[in-house]
file input_35.txt (compact mmCIF, C-alpha atoms and all ligand atoms)
# COMPACT_ATOMS: atom_id res chain seq x y z
CA MET F 1202 36.38 21.03 -51.92
CA THR F 1203 36.81 18.94 -48.75
CA ASN F 1204 37.07 20.77 -45.47
CA THR F 1205 39.14 19.23 -42.73
CA ALA F 1206 39.56 20.07 -39.06
CA ASP F 1207 41.32 18.39 -36.17
CA VAL F 1208 38.27 19.04 -33.98
CA VAL F 1209 34.70 20.02 -34.92
CA ILE F 1210 32.60 21.52 -32.12
CA ILE F 1211 28.84 21.29 -32.66
CA GLY F 1212 27.06 24.34 -31.18
CA GLY F 1213 28.35 27.84 -30.65
CA GLY F 1214 27.29 28.62 -27.06
CA ILE F 1215 29.41 29.25 -23.98
CA VAL F 1216 30.47 25.60 -23.63
CA ALA F 1217 31.64 25.34 -27.25
CA ALA F 1218 33.50 28.63 -26.87
CA SER F 1219 35.30 27.42 -23.75
CA VAL F 1220 36.29 24.11 -25.36
CA ALA F 1221 37.66 26.03 -28.36
CA TYR F 1222 39.54 28.44 -26.10
CA HIS F 1223 41.11 25.67 -24.03
CA LEU F 1224 42.13 23.71 -27.14
CA ALA F 1225 43.64 26.85 -28.70
CA GLU F 1226 45.58 27.66 -25.52
CA ARG F 1227 47.20 24.25 -25.89
CA GLY F 1228 48.15 24.98 -29.51
CA CYS F 1229 45.32 22.95 -31.04
CA THR F 1230 43.92 25.59 -33.40
CA ASN F 1231 42.70 23.63 -36.45
CA VAL F 1232 39.31 23.67 -34.76
CA LEU F 1233 35.93 24.53 -36.30
CA ILE F 1234 32.87 25.65 -34.33
CA VAL F 1235 29.63 24.97 -36.22
CA GLU F 1236 26.57 26.96 -35.12
CA ARG F 1237 23.22 26.87 -36.93
CA GLU F 1238 22.03 30.33 -35.86
CA ASP F 1239 23.32 33.56 -37.40
CA ARG F 1240 24.89 34.55 -34.06
CA GLN F 1241 26.44 32.72 -31.13
CA GLY F 1242 24.64 32.44 -27.79
CA MET F 1243 21.08 32.13 -29.12
CA GLY F 1244 20.50 28.90 -27.16
CA SER F 1245 20.56 28.71 -23.37
CA THR F 1246 23.64 30.87 -22.95
CA ALA F 1247 21.97 34.24 -23.44
CA LYS F 1248 19.01 33.15 -21.24
CA SER F 1249 21.08 32.41 -18.16
CA MET F 1250 20.82 34.23 -14.86
CA GLY F 1251 24.63 34.29 -14.74
CA GLY F 1252 24.95 32.87 -11.23
CA VAL F 1253 28.28 31.26 -10.29
CA ARG F 1254 28.88 29.37 -7.08
CA ALA F 1255 31.11 26.80 -5.50
CA GLN F 1256 28.50 25.95 -2.86
CA PHE F 1257 27.60 22.51 -4.20
CA ALA F 1258 27.08 19.16 -2.51
CA THR F 1259 29.40 16.92 -4.56
CA SER F 1260 33.16 17.15 -4.85
CA ILE F 1261 33.11 17.03 -8.66
CA ASN F 1262 30.81 20.05 -8.92
CA ILE F 1263 32.77 21.92 -6.25
CA ARG F 1264 36.08 21.27 -8.02
CA MET F 1265 34.66 22.33 -11.36
CA SER F 1266 33.46 25.57 -9.74
CA LEU F 1267 36.83 26.25 -8.11
CA TYR F 1268 38.60 26.04 -11.47
CA SER F 1269 35.87 28.11 -13.14
CA ILE F 1270 35.61 30.89 -10.55
CA ASP F 1271 39.37 31.25 -10.50
CA LEU F 1272 39.32 31.70 -14.28
CA PHE F 1273 36.43 34.19 -14.10
CA SER F 1274 38.43 36.22 -11.57
CA LYS F 1275 41.30 36.67 -14.05
CA PHE F 1276 39.28 36.42 -17.25
CA GLU F 1277 40.20 39.81 -18.67
CA GLU F 1278 43.89 39.17 -18.07
CA VAL F 1279 43.80 35.86 -19.97
CA THR F 1280 41.26 36.58 -22.72
CA GLY F 1281 41.40 40.37 -23.04
CA HIS F 1282 37.63 40.53 -22.51
CA THR F 1283 35.59 41.09 -19.36
CA ALA F 1284 33.59 38.26 -17.74
CA GLY F 1285 31.61 40.76 -15.69
CA TYR F 1286 32.52 38.67 -12.64
CA THR F 1287 30.84 40.26 -9.62
CA PRO F 1288 31.74 38.43 -6.41
CA GLN F 1289 28.78 39.46 -4.27
CA GLY F 1290 28.31 35.97 -2.89
CA TYR F 1291 25.53 33.40 -2.60
CA MET F 1292 23.55 33.31 0.63
CA PHE F 1293 21.52 30.17 1.30
CA VAL F 1294 18.76 30.85 3.86
CA ALA F 1295 17.53 27.79 5.80
CA THR F 1296 14.19 27.57 7.55
CA SER F 1297 14.52 24.02 8.92
CA GLU F 1298 17.14 22.12 10.88
CA ARG F 1299 17.21 19.58 8.06
CA HIS F 1300 18.25 22.26 5.57
CA LEU F 1301 20.77 23.70 8.01
CA ASP F 1302 22.37 20.27 8.53
CA TYR F 1303 22.50 19.85 4.79
CA LEU F 1304 24.32 23.19 4.40
CA LYS F 1305 26.77 22.22 7.18
CA THR F 1306 27.54 18.90 5.51
CA ASN F 1307 28.04 20.69 2.20
CA MET F 1308 30.28 23.31 3.81
CA LEU F 1309 32.58 20.60 5.21
CA GLN F 1310 32.76 18.98 1.79
CA GLN F 1311 33.45 22.36 0.14
CA ARG F 1312 36.23 23.11 2.62
CA ALA F 1313 37.73 19.66 2.10
CA CYS F 1314 37.88 20.49 -1.61
CA GLY F 1315 39.78 23.71 -0.91
CA LEU F 1316 37.03 26.34 -0.70
CA THR F 1317 38.36 28.18 2.37
CA ASN F 1318 35.98 31.14 2.60
CA VAL F 1319 32.58 29.47 2.84
CA GLU F 1320 30.96 29.86 6.24
CA MET F 1321 27.79 29.17 8.19
CA VAL F 1322 25.85 32.31 9.08
CA THR F 1323 23.28 33.07 11.78
CA ARG F 1324 19.83 34.58 11.38
CA GLU F 1325 21.31 37.87 12.64
CA ASP F 1326 24.06 37.76 9.99
CA ILE F 1327 21.43 37.19 7.32
CA LEU F 1328 19.35 40.13 8.56
CA LYS F 1329 22.42 42.34 8.57
CA THR F 1330 22.86 41.56 4.88
CA VAL F 1331 19.16 41.70 3.94
CA PRO F 1332 17.29 43.66 6.65
CA GLN F 1333 14.08 43.51 4.57
CA LEU F 1334 13.87 39.69 4.85
CA VAL F 1335 11.11 38.01 6.89
CA ALA F 1336 13.25 35.92 9.24
CA ASP F 1337 10.89 34.60 11.95
CA ASP F 1338 11.31 31.06 10.63
CA VAL F 1339 14.99 31.39 9.57
CA VAL F 1340 17.39 29.13 11.49
CA GLY F 1341 20.64 30.14 9.75
CA GLY F 1342 22.35 29.68 6.44
CA SER F 1343 25.62 29.62 4.56
CA PHE F 1344 27.55 32.25 2.64
CA CYS F 1345 30.51 32.30 0.29
CA PRO F 1346 31.79 35.71 -0.82
CA THR F 1347 33.56 34.51 -3.99
CA ASP F 1348 30.30 33.12 -5.39
CA GLY F 1349 28.45 35.72 -7.44
CA PHE F 1350 27.51 36.50 -11.03
CA VAL F 1351 29.06 36.80 -14.48
CA ASP F 1352 27.80 38.11 -17.79
CA PRO F 1353 27.32 34.86 -19.78
CA TYR F 1354 27.30 36.53 -23.18
CA SER F 1355 30.51 38.36 -22.38
CA VAL F 1356 32.22 35.17 -21.17
CA MET F 1357 31.21 33.39 -24.37
CA THR F 1358 32.48 36.32 -26.43
CA GLY F 1359 35.80 36.43 -24.56
CA PHE F 1360 36.43 32.71 -25.01
CA SER F 1361 35.45 32.89 -28.70
CA LYS F 1362 37.47 35.99 -29.54
CA ARG F 1363 40.59 34.59 -27.94
CA ALA F 1364 40.14 31.21 -29.63
CA ARG F 1365 39.56 32.84 -33.01
CA ALA F 1366 42.59 35.09 -32.58
CA CYS F 1367 44.61 31.89 -32.22
CA GLY F 1368 43.16 30.47 -35.46
CA VAL F 1369 39.94 28.68 -34.51
CA SER F 1370 37.22 29.00 -37.19
CA LEU F 1371 33.51 29.64 -36.72
CA TRP F 1372 30.76 28.75 -39.18
CA LEU F 1373 27.45 30.46 -38.48
CA GLU F 1374 24.12 29.60 -40.11
CA THR F 1375 25.39 26.05 -40.55
CA GLU F 1376 23.48 23.08 -39.18
CA VAL F 1377 25.13 19.78 -38.42
CA THR F 1378 22.91 17.19 -40.07
CA GLY F 1379 24.98 14.03 -39.72
CA ILE F 1380 27.96 12.49 -37.98
CA ASP F 1381 29.85 10.07 -40.15
CA VAL F 1382 31.05 7.09 -38.14
CA LYS F 1383 33.24 4.50 -39.85
CA GLN F 1384 34.25 1.29 -38.05
CA GLY F 1385 33.25 2.75 -34.71
CA ALA F 1386 35.22 5.99 -35.13
CA VAL F 1387 34.31 9.53 -36.21
CA ALA F 1388 35.32 10.19 -39.81
CA GLY F 1389 33.50 13.43 -40.50
CA VAL F 1390 30.52 15.68 -40.01
CA GLN F 1391 27.79 16.50 -42.53
CA THR F 1392 26.53 20.06 -42.45
CA SER F 1393 24.21 22.29 -44.42
CA ARG F 1394 27.41 23.84 -45.81
CA GLY F 1395 29.08 20.60 -46.82
CA TYR F 1396 31.15 17.77 -45.41
CA ILE F 1397 33.97 18.28 -42.90
CA SER F 1398 36.57 15.54 -42.45
CA THR F 1399 37.57 15.16 -38.84
CA ARG F 1400 38.51 12.51 -36.32
CA ALA F 1401 37.23 14.39 -33.27
CA VAL F 1402 33.82 15.92 -32.69
CA VAL F 1403 32.44 17.61 -29.56
CA ASN F 1404 28.71 17.66 -28.86
CA ALA F 1405 28.14 21.09 -27.28
CA ALA F 1406 24.54 21.43 -28.46
CA GLY F 1407 22.98 22.47 -25.14
CA PRO F 1408 19.28 21.50 -24.90
CA TRP F 1409 19.56 19.81 -28.32
CA ALA F 1410 22.33 17.46 -27.12
CA ALA F 1411 20.22 14.29 -27.36
CA SER F 1412 19.27 14.83 -31.02
CA VAL F 1413 22.86 15.67 -31.99
CA ALA F 1414 24.09 12.53 -30.19
CA ARG F 1415 21.51 10.46 -32.08
CA LEU F 1416 23.24 11.49 -35.34
CA ALA F 1417 25.97 9.08 -34.23
CA ALA F 1418 23.49 6.59 -32.74
CA VAL F 1419 24.56 7.60 -29.23
CA ASP F 1420 22.03 7.88 -26.41
CA VAL F 1421 22.50 10.95 -24.21
CA PRO F 1422 19.85 11.33 -21.50
CA VAL F 1423 19.43 15.12 -21.63
CA GLU F 1424 15.97 16.70 -21.54
CA PRO F 1425 15.08 20.38 -22.08
CA LEU F 1426 13.17 22.02 -19.23
CA ARG F 1427 11.77 25.55 -19.42
CA ARG F 1428 12.99 28.04 -16.81
CA GLN F 1429 11.62 31.55 -16.52
CA ILE F 1430 13.24 34.74 -15.23
CA VAL F 1431 11.38 37.82 -14.05
CA LYS F 1432 13.36 41.03 -14.34
CA THR F 1433 12.04 43.90 -12.25
CA GLU F 1434 12.06 47.54 -13.19
CA PRO F 1435 14.74 49.56 -11.33
CA PHE F 1436 14.04 49.10 -7.61
CA GLU F 1437 15.70 51.13 -4.87
CA GLN F 1438 14.26 49.49 -1.78
CA LEU F 1439 16.95 46.80 -1.82
CA SER F 1440 20.71 47.25 -2.09
CA SER F 1441 22.33 46.57 -5.44
CA ARG F 1442 25.22 45.02 -3.45
CA LEU F 1443 23.15 42.03 -2.26
CA PRO F 1444 24.35 38.49 -2.93
CA MET F 1445 22.23 35.88 -4.69
CA VAL F 1446 19.75 35.07 -1.91
CA ILE F 1447 18.15 31.62 -1.89
CA ASP F 1448 15.05 30.96 0.20
CA MET F 1449 15.38 27.22 0.79
CA SER F 1450 11.77 26.92 1.95
CA THR F 1451 10.44 27.57 -1.58
CA GLY F 1452 13.48 27.63 -3.89
CA PHE F 1453 12.77 31.29 -4.71
CA HIS F 1454 16.02 33.16 -5.35
CA PHE F 1455 16.94 36.65 -6.47
CA ARG F 1456 19.91 38.82 -7.24
CA PRO F 1457 20.57 42.41 -8.25
CA GLU F 1458 21.21 43.20 -11.91
CA GLY F 1459 22.29 46.84 -12.09
CA PRO F 1460 19.42 48.83 -10.58
CA SER F 1461 16.93 45.99 -11.21
CA TYR F 1462 16.43 42.51 -9.75
CA LEU F 1463 16.34 39.10 -11.37
CA LEU F 1464 13.82 36.76 -9.73
CA ALA F 1465 13.80 32.99 -10.28
CA TRP F 1466 11.86 30.03 -8.95
CA PRO F 1467 11.83 26.38 -10.05
CA ASP F 1468 8.16 25.95 -10.93
CA PRO F 1469 7.29 22.31 -10.10
CA ASP F 1470 4.53 22.36 -12.74
CA GLU F 1471 7.06 22.59 -15.61
CA THR F 1472 7.46 19.42 -17.66
CA TYR F 1473 10.19 18.44 -20.11
CA GLY F 1474 9.97 19.83 -23.63
CA PHE F 1475 11.22 22.51 -26.01
CA ARG F 1476 9.44 25.63 -24.73
CA THR F 1477 10.87 29.14 -24.59
CA ASP F 1478 7.68 31.24 -24.48
CA PHE F 1479 7.41 33.38 -21.34
CA ASP F 1480 4.18 32.70 -19.44
CA TYR F 1481 2.78 35.96 -18.04
CA GLY F 1482 0.99 33.99 -15.29
CA PHE F 1483 4.43 33.15 -13.89
CA ILE F 1484 4.86 36.74 -12.68
CA GLU F 1485 2.09 36.39 -10.12
CA LYS F 1486 3.29 32.95 -9.07
CA ILE F 1487 6.82 34.17 -8.37
CA LEU F 1488 5.80 37.46 -6.77
CA THR F 1489 3.71 35.52 -4.24
CA ARG F 1490 6.90 33.72 -3.12
CA ALA F 1491 8.96 36.91 -3.34
CA VAL F 1492 6.62 39.05 -1.23
CA SER F 1493 6.16 36.41 1.46
CA ARG F 1494 9.96 36.37 2.06
CA VAL F 1495 10.82 39.99 1.19
CA PRO F 1496 7.64 42.08 1.63
CA VAL F 1497 9.07 45.21 -0.08
CA PHE F 1498 8.79 43.27 -3.35
CA ALA F 1499 5.07 44.15 -3.11
CA ASP F 1500 6.09 47.59 -4.46
CA VAL F 1501 8.17 46.29 -7.35
CA GLU F 1502 7.13 46.94 -10.94
CA VAL F 1503 7.50 44.30 -13.64
CA ASN F 1504 7.34 44.84 -17.38
CA PRO F 1505 6.50 41.38 -18.82
CA ARG F 1506 8.36 42.27 -22.02
CA ARG F 1507 11.61 42.40 -20.04
CA CYS F 1508 11.10 38.89 -18.65
CA TRP F 1509 12.18 35.77 -20.51
CA ALA F 1510 12.26 31.98 -20.64
CA GLY F 1511 14.94 29.55 -21.73
CA MET F 1512 15.77 25.90 -21.30
CA TYR F 1513 17.85 24.01 -18.77
CA GLU F 1514 19.46 20.87 -20.18
CA VAL F 1515 18.68 18.30 -17.51
CA THR F 1516 20.19 14.87 -16.81
CA PRO F 1517 18.64 12.27 -14.49
CA ASP F 1518 21.19 13.01 -11.71
CA HIS F 1519 21.54 16.77 -12.33
CA HIS F 1520 25.23 16.43 -13.13
CA ALA F 1521 26.79 17.17 -16.48
CA ILE F 1522 27.71 14.41 -18.92
CA ILE F 1523 31.31 15.02 -19.96
CA GLY F 1524 33.62 12.58 -21.70
CA ARG F 1525 33.91 10.11 -24.55
CA ALA F 1526 30.67 9.06 -26.19
CA PRO F 1527 30.05 5.35 -25.55
CA GLY F 1528 30.88 3.26 -28.60
CA VAL F 1529 32.10 6.07 -30.88
CA GLU F 1530 35.82 6.72 -30.90
CA GLY F 1531 36.59 10.43 -31.32
CA MET F 1532 33.21 11.73 -30.16
CA PHE F 1533 33.13 13.78 -26.95
CA LEU F 1534 30.14 14.95 -24.91
CA ALA F 1535 29.84 18.26 -23.05
CA ASN F 1536 26.17 18.21 -22.15
CA GLY F 1537 23.43 18.22 -19.52
CA PHE F 1538 24.59 20.97 -17.17
CA SER F 1539 21.25 21.02 -15.36
CA GLY F 1540 21.34 24.76 -14.64
CA HIS F 1541 25.11 25.15 -14.20
CA GLY F 1542 26.47 25.37 -17.74
CA VAL F 1543 27.59 28.98 -17.49
CA MET F 1544 29.39 28.62 -14.19
CA HIS F 1545 30.95 25.29 -15.22
CA SER F 1546 31.86 26.31 -18.77
CA PRO F 1547 35.52 27.07 -17.93
CA ALA F 1548 36.06 23.70 -16.22
CA THR F 1549 34.22 21.87 -18.98
CA GLY F 1550 36.45 23.42 -21.64
CA LYS F 1551 39.51 22.41 -19.66
CA ILE F 1552 38.31 18.83 -19.11
CA VAL F 1553 37.20 18.24 -22.72
CA SER F 1554 40.37 19.75 -24.18
CA GLU F 1555 42.48 17.52 -21.93
CA LEU F 1556 40.47 14.42 -22.82
CA ILE F 1557 41.00 15.17 -26.52
CA LEU F 1558 44.70 16.04 -26.25
CA ASP F 1559 45.92 13.91 -23.33
CA GLY F 1560 43.23 11.27 -22.85
CA VAL F 1561 42.79 12.22 -19.19
CA SER F 1562 41.80 15.25 -17.10
CA SER F 1563 44.49 16.76 -14.90
CA PHE F 1564 42.27 18.21 -12.19
CA VAL F 1565 39.09 16.16 -11.74
CA ASP F 1566 38.13 12.53 -11.96
CA ALA F 1567 36.29 12.98 -15.26
CA GLU F 1568 35.31 9.31 -15.25
CA MET F 1569 32.61 10.25 -12.75
CA LEU F 1570 30.85 12.25 -15.47
CA ARG F 1571 30.84 9.52 -18.12
CA ALA F 1572 27.54 8.93 -19.92
CA GLU F 1573 27.71 5.24 -19.01
CA ARG F 1574 27.05 5.94 -15.32
CA PHE F 1575 23.28 5.80 -15.87
CA ALA F 1576 23.25 2.43 -17.62
CA GLU F 1577 25.70 1.10 -15.01
CA GLY F 1578 23.43 2.23 -12.17
CA ASN F 1579 25.99 4.67 -10.70
CA PRO F 1580 24.36 8.10 -10.98
CA LEU F 1581 25.73 10.97 -8.92
CA GLU F 1582 23.26 12.97 -6.89
CA GLU F 1583 23.55 16.74 -6.68
CA THR F 1584 20.85 18.03 -4.41
CA ALA F 1585 22.03 21.66 -4.34
CA VAL F 1586 20.23 22.39 -7.62
CA LEU F 1587 18.65 25.74 -8.41
C1 LIG F 1601 16.51 30.82 -17.36
C2 LIG F 1601 17.87 30.18 -17.21
C3 LIG F 1601 18.70 30.54 -16.17
C4 LIG F 1601 19.95 29.97 -16.03
N1 LIG F 1601 20.76 30.38 -15.01
C5 LIG F 1601 22.00 29.87 -14.90
C6 LIG F 1601 22.89 30.34 -13.89
O1 LIG F 1601 22.53 31.20 -13.09
N2 LIG F 1601 24.15 29.83 -13.86
C7 LIG F 1601 24.57 28.87 -14.74
O2 LIG F 1601 25.71 28.43 -14.64
N3 LIG F 1601 23.75 28.39 -15.69
C8 LIG F 1601 22.48 28.86 -15.80
N4 LIG F 1601 21.65 28.40 -16.77
C9 LIG F 1601 22.08 27.28 -17.62
C10 LIG F 1601 23.02 27.73 -18.71
O3 LIG F 1601 22.45 28.84 -19.40
C11 LIG F 1601 23.28 26.59 -19.69
O4 LIG F 1601 23.66 25.42 -18.96
C12 LIG F 1601 24.41 26.94 -20.66
O5 LIG F 1601 24.15 28.15 -21.31
C13 LIG F 1601 24.61 25.83 -21.67
O6 LIG F 1601 25.50 26.31 -22.66
P1 LIG F 1601 25.76 25.47 -23.97
O7 LIG F 1601 26.82 26.18 -24.73
O8 LIG F 1601 25.98 24.03 -23.61
O9 LIG F 1601 24.36 25.48 -24.74
P2 LIG F 1601 23.67 26.60 -25.65
O10 LIG F 1601 23.99 27.98 -25.23
O11 LIG F 1601 22.23 26.24 -25.73
O12 LIG F 1601 24.37 26.38 -27.04
C14 LIG F 1601 24.07 25.27 -27.85
C15 LIG F 1601 24.12 25.73 -29.29
O13 LIG F 1601 24.06 24.60 -30.15
C16 LIG F 1601 23.43 25.02 -31.34
N5 LIG F 1601 22.97 23.81 -32.05
C17 LIG F 1601 22.12 22.86 -31.61
N6 LIG F 1601 21.99 21.89 -32.51
C18 LIG F 1601 22.81 22.22 -33.56
C19 LIG F 1601 23.11 21.61 -34.81
N7 LIG F 1601 22.55 20.45 -35.18
N8 LIG F 1601 23.99 22.23 -35.65
C20 LIG F 1601 24.57 23.42 -35.28
N9 LIG F 1601 24.31 24.03 -34.12
C21 LIG F 1601 23.44 23.44 -33.26
C22 LIG F 1601 22.29 25.90 -30.84
O14 LIG F 1601 21.82 26.77 -31.83
C23 LIG F 1601 22.96 26.63 -29.68
O15 LIG F 1601 23.46 27.90 -30.03
C24 LIG F 1601 20.38 28.97 -16.95
C25 LIG F 1601 19.56 28.61 -18.01
C26 LIG F 1601 18.31 29.20 -18.16
C27 LIG F 1601 17.44 28.80 -19.30
call {"tool": "encode", "arguments": {"input": "input_35.txt", "output": "structure tokens", "more": "lines below"}}
Ligand SMILES: Cc1cc2nc3c(=O)[nH]c(=O)nc-3n(C[C@H](O)[C@H](O)[C@H](O)COP(=O)(O)OP(=O)(O)OC[C@H]3O[C@@H](n4cnc5c(N)ncnc54)[C@H](O)[C@@H]3O)c2cc1C
result
Amino acid sequence: MTNTADVVIIGGGIVAASVAYHLAERGCTNVLIVEREDRQGMGSTAKSMGGVRAQFATSINIRMSLYSIDLFSKFEEVTGHTAGYTPQGYMFVATSERHLDYLKTNMLQQRACGLTNVEMVTREDILKTVPQLVADDVVGGSFCPTDGFVDPYSVMTGFSKRARACGVSLWLETEVTGIDVKQGAVAGVQTSRGYISTRAVVNAAGPWAASVARLAAVDVPVEPLRRQIVKTEPFEQLSSRLPMVIDMSTGFHFRPEGPSYLLAWPDPDETYGFRTDFDYGFIEKILTRAVSRVPVFADVEVNPRRCWAGMYEVTPDHHAIIGRAPGVEGMFLANGFSGHGVMHSPATGKIVSELILDGVSSFVDAEMLRAERFAEGNPLEETAVL
């Protein structure tokens, strides 16, 4: 028996689910999601901290966030499933004039893109929000109240359920082992469950994007990088209404998660590679940063078994690679989110579905995200990376 689909999506995480949802909303429902695990979300999606923000430095990232946050805010209405969107804001805390200038420049760019509620805040404003913060060296910051958090697993489930209700199929425990390219165009996909004829394939393989692209002899510069999250035991000395707070002096950031806190810090000692083991030594490293900025964290309890590690999918310029795969007609890339794949999943689904169905994106200049930008020497630079 030969299986056929109009579009095959490789990977079953949040990005695949959003692409499927956006295709289905446009009436394109002969779509097959192929996921090698026995459940969806076993890759980076379920490891995410769930942060969503429009406070970026580049217009493309800001515009992708505006579309995405708007969709998160009405997610239940459109998918019938909650996104767990909690608009408690992101507060960037600057300790140098250089960082403050950078936030001001970003704020002007964000406003120019249509983000009306982002504002600069003073040290006093910051202390009003987080009175427990050590602020002697703080010179100000920025805040946007519609930034916040979502539940990544729930978003993925909502997109998937809605897509499947429209007719999209999902194959679990099925690995894509080959991409059949004939005369420069996609003709089908080989899987552990057999061959699927198709003329369009989407690489949504998260940290494994480069190896999936290689199946079609396409080079996608995406590297996996371990990131670790420390979840505290319930902790009452800080409000559960706090925003995501980012200490720009160290990169340490934290946010409430129910009665607990999620703590994160980009460890500069991490190197690229497939690693998802949680390193217990990380707890002391991060608590040193946490306590120096918020001394009450000295009293927090951490159960290492409730902490975890996952992988960012990183590109050389920390921007996603979205668009047609160079040299292979019918192959589309949705990769390399560099820490922003949950928050940008709605926009990515919209862009990829439009590229497949219309050939062009209606709301961003998707050409900026083409894979060719690296070889052409035109990388973007997003410096507001967490
Ligand atoms: C610790 C941590 C914190 C994060 N925090 C945030 C945050 O606050 N905000 C944010 O926006 N993002 C965050 N991210 C990033 C975000 O989680 C990812 O960018 C996002 O989940 C990527 O989704 P995806 O669907 O592309 O990939 P994944 O969820 O990894 O899905 C890819 C899927 O492809 C499948 N697959 C791979 N190869 C094959 C194959 N050959 N055949 C079949 N299936 C295959 C895998 O099994 C996997 O399920 C964080 C990531 C980590 C690790």
call {"tool": "atom_distance", "arguments": {"input": "input_35.txt", "atom1": "CA of Gly1511 in chain F", "atom2": "CA of Asp1271 in chain F"}}
result
26.9 Å
call {"tool": "closest_residue", "arguments": {"input": "input_35.txt", "among": "F:Tyr1268, F:Trp1466, F:Phe1533, F:Phe1293", "to": "Gly1341 in chain F", "atoms": "only C-alpha atoms"}}
result
F:Phe1293
call {"tool": "atom_distance", "arguments": {"input": "input_35.txt", "atom1": "atom N9 of ligand LIG 1601 (chain F)", "atom2": "CA of Leu1371 in chain F"}}
result
11.1 Å
call {"tool": "residues_around", "arguments": {"input": "input_35.txt", "residues": "range 1374-1377 of chain F", "least_positions_apart": "6", "cutoff": "8 Å", "atoms": "all atoms listed in the file", "output": "ChimeraX atom specification"}}
result
/F:1211,1235-1240,1390-1394,1413
call {"tool": "write_last_selection", "arguments": {"input": "input_35.txt", "atoms": "C-alpha atoms", "output": "mmCIF file, in the coordinates of the input"}}
result
data_model
loop_
_atom_site.group_PDB
_atom_site.id
_atom_site.type_symbol
_atom_site.label_atom_id
_atom_site.label_comp_id
_atom_site.auth_asym_id
_atom_site.auth_seq_id
_atom_site.Cartn_x
_atom_site.Cartn_y
_atom_site.Cartn_z
ATOM 1 C CA ILE F 1211 28.840 21.290 -32.660
ATOM 2 C CA VAL F 1235 29.630 24.970 -36.220
ATOM 3 C CA GLU F 1236 26.570 26.960 -35.120
ATOM 4 C CA ARG F 1237 23.220 26.870 -36.930
ATOM 5 C CA GLU F 1238 22.030 30.330 -35.860
ATOM 6 C CA ASP F 1239 23.320 33.560 -37.400
ATOM 7 C CA ARG F 1240 24.890 34.550 -34.060
ATOM 8 C CA VAL F 1390 30.520 15.680 -40.010
ATOM 9 C CA GLN F 1391 27.790 16.500 -42.530
ATOM 10 C CA THR F 1392 26.530 20.060 -42.450
ATOM 11 C CA SER F 1393 24.210 22.290 -44.420
ATOM 12 C CA ARG F 1394 27.410 23.840 -45.810
ATOM 13 C CA VAL F 1413 22.860 15.670 -31.990
#
call {"tool": "closest_residue", "arguments": {"input": "input_35.txt", "among": "F:Thr1358, F:Gln1384, F:Thr1477, F:Thr1489", "to": "Gly1528 in chain F", "atoms": "all atoms listed in the file"}}
result
F:Gln1384
call {"tool": "residues_around", "arguments": {"input": "input_35.txt", "residues": "Arg1254 in chain F", "least_positions_apart": "6", "cutoff": "9 Å", "atoms": "all atoms listed in the file", "output": "number ranges by chain"}}
result
F: 1263, 1266-1267, 1270, 1290-1291, 1345, 1347-1350, 1544
call {"tool": "closest_residue", "arguments": {"input": "input_35.txt", "among": "F:Val1253, F:Thr1259, F:Met1357, F:Lys1275", "to": "Gly1550 in chain F", "atoms": "only C-alpha atoms"}}
result
F:Met1357
call {"tool": "residues_around", "arguments": {"input": "input_35.txt", "residues": "Gly1452 in chain F", "least_positions_apart": "5", "cutoff": "12 Å", "atoms": "all atoms listed in the file", "output": "ChimeraX atom specification"}}
result
/F:1293-1296,1300,1446-1447,1464-1469,1487,1490-1491,1494,1585-1587
call {"tool": "atom_distance", "arguments": {"input": "input_35.txt", "atom1": "CA of Leu1334 in chain F", "atom2": "CA of Glu1471 in chain F"}}
result
27.5 Å
call {"tool": "closest_residue", "arguments": {"input": "input_35.txt", "among": "F:Gly1560, F:Gly1524, F:Pro1288, F:Gly1537", "to": "ligand LIG 1601 (chain F)", "atoms": "all atoms listed in the file"}}
result
F:Gly1537
call {"tool": "closest_residue", "arguments": {"input": "input_35.txt", "among": "F:Leu1463, F:Ala1217, F:Leu1488, F:Ala1548", "to": "ligand LIG 1601 (chain F)", "atoms": "all atoms listed in the file"}}
result
F:Ala1217
call {"tool": "axis_aligned_box", "arguments": {"input": "input_35.txt", "around": "range 1298-1317 of chain F", "padding_each_side": "4 Å", "output": "lines of an AutoDock Vina configuration file"}}
result
center_x = 28.5
center_y = 23.5
center_z = 4.6
size_x = 30.6
size_y = 17.3
size_z = 20.5
call {"tool": "closest_residue", "arguments": {"input": "input_35.txt", "among": "F:Arg1264, F:Leu1316, F:Thr1246, F:Asp1337", "to": "Ile1552 in chain F", "atoms": "all atoms listed in the file"}}
result
F:Arg1264
call {"tool": "residues_near_point", "arguments": {"input": "input_35.txt", "point": "(45.9, 17.5, -21.2)", "cutoff": "12 Å", "atoms": "all atoms listed in the file", "output": "VMD selection string"}}
result
chain F and resid 1223 to 1224 1226 to 1229 1550 to 1565
call {"tool": "write_last_selection", "arguments": {"input": "input_35.txt", "atoms": "C-alpha atoms", "output": "compact mmCIF listing (two decimals), in the frame of the given file"}}
result
# COMPACT_ATOMS: atom_id res chain seq x y z
CA HIS F 1223 41.11 25.67 -24.03
CA LEU F 1224 42.13 23.71 -27.14
CA GLU F 1226 45.58 27.66 -25.52
CA ARG F 1227 47.20 24.25 -25.89
CA GLY F 1228 48.15 24.98 -29.51
CA CYS F 1229 45.32 22.95 -31.04
CA GLY F 1550 36.45 23.42 -21.64
CA LYS F 1551 39.51 22.41 -19.66
CA ILE F 1552 38.31 18.83 -19.11
CA VAL F 1553 37.20 18.24 -22.72
CA SER F 1554 40.37 19.75 -24.18
CA GLU F 1555 42.48 17.52 -21.93
CA LEU F 1556 40.47 14.42 -22.82
CA ILE F 1557 41.00 15.17 -26.52
CA LEU F 1558 44.70 16.04 -26.25
CA ASP F 1559 45.92 13.91 -23.33
CA GLY F 1560 43.23 11.27 -22.85
CA VAL F 1561 42.79 12.22 -19.19
CA SER F 1562 41.80 15.25 -17.10
CA SER F 1563 44.49 16.76 -14.90
CA PHE F 1564 42.27 18.21 -12.19
CA VAL F 1565 39.09 16.16 -11.74
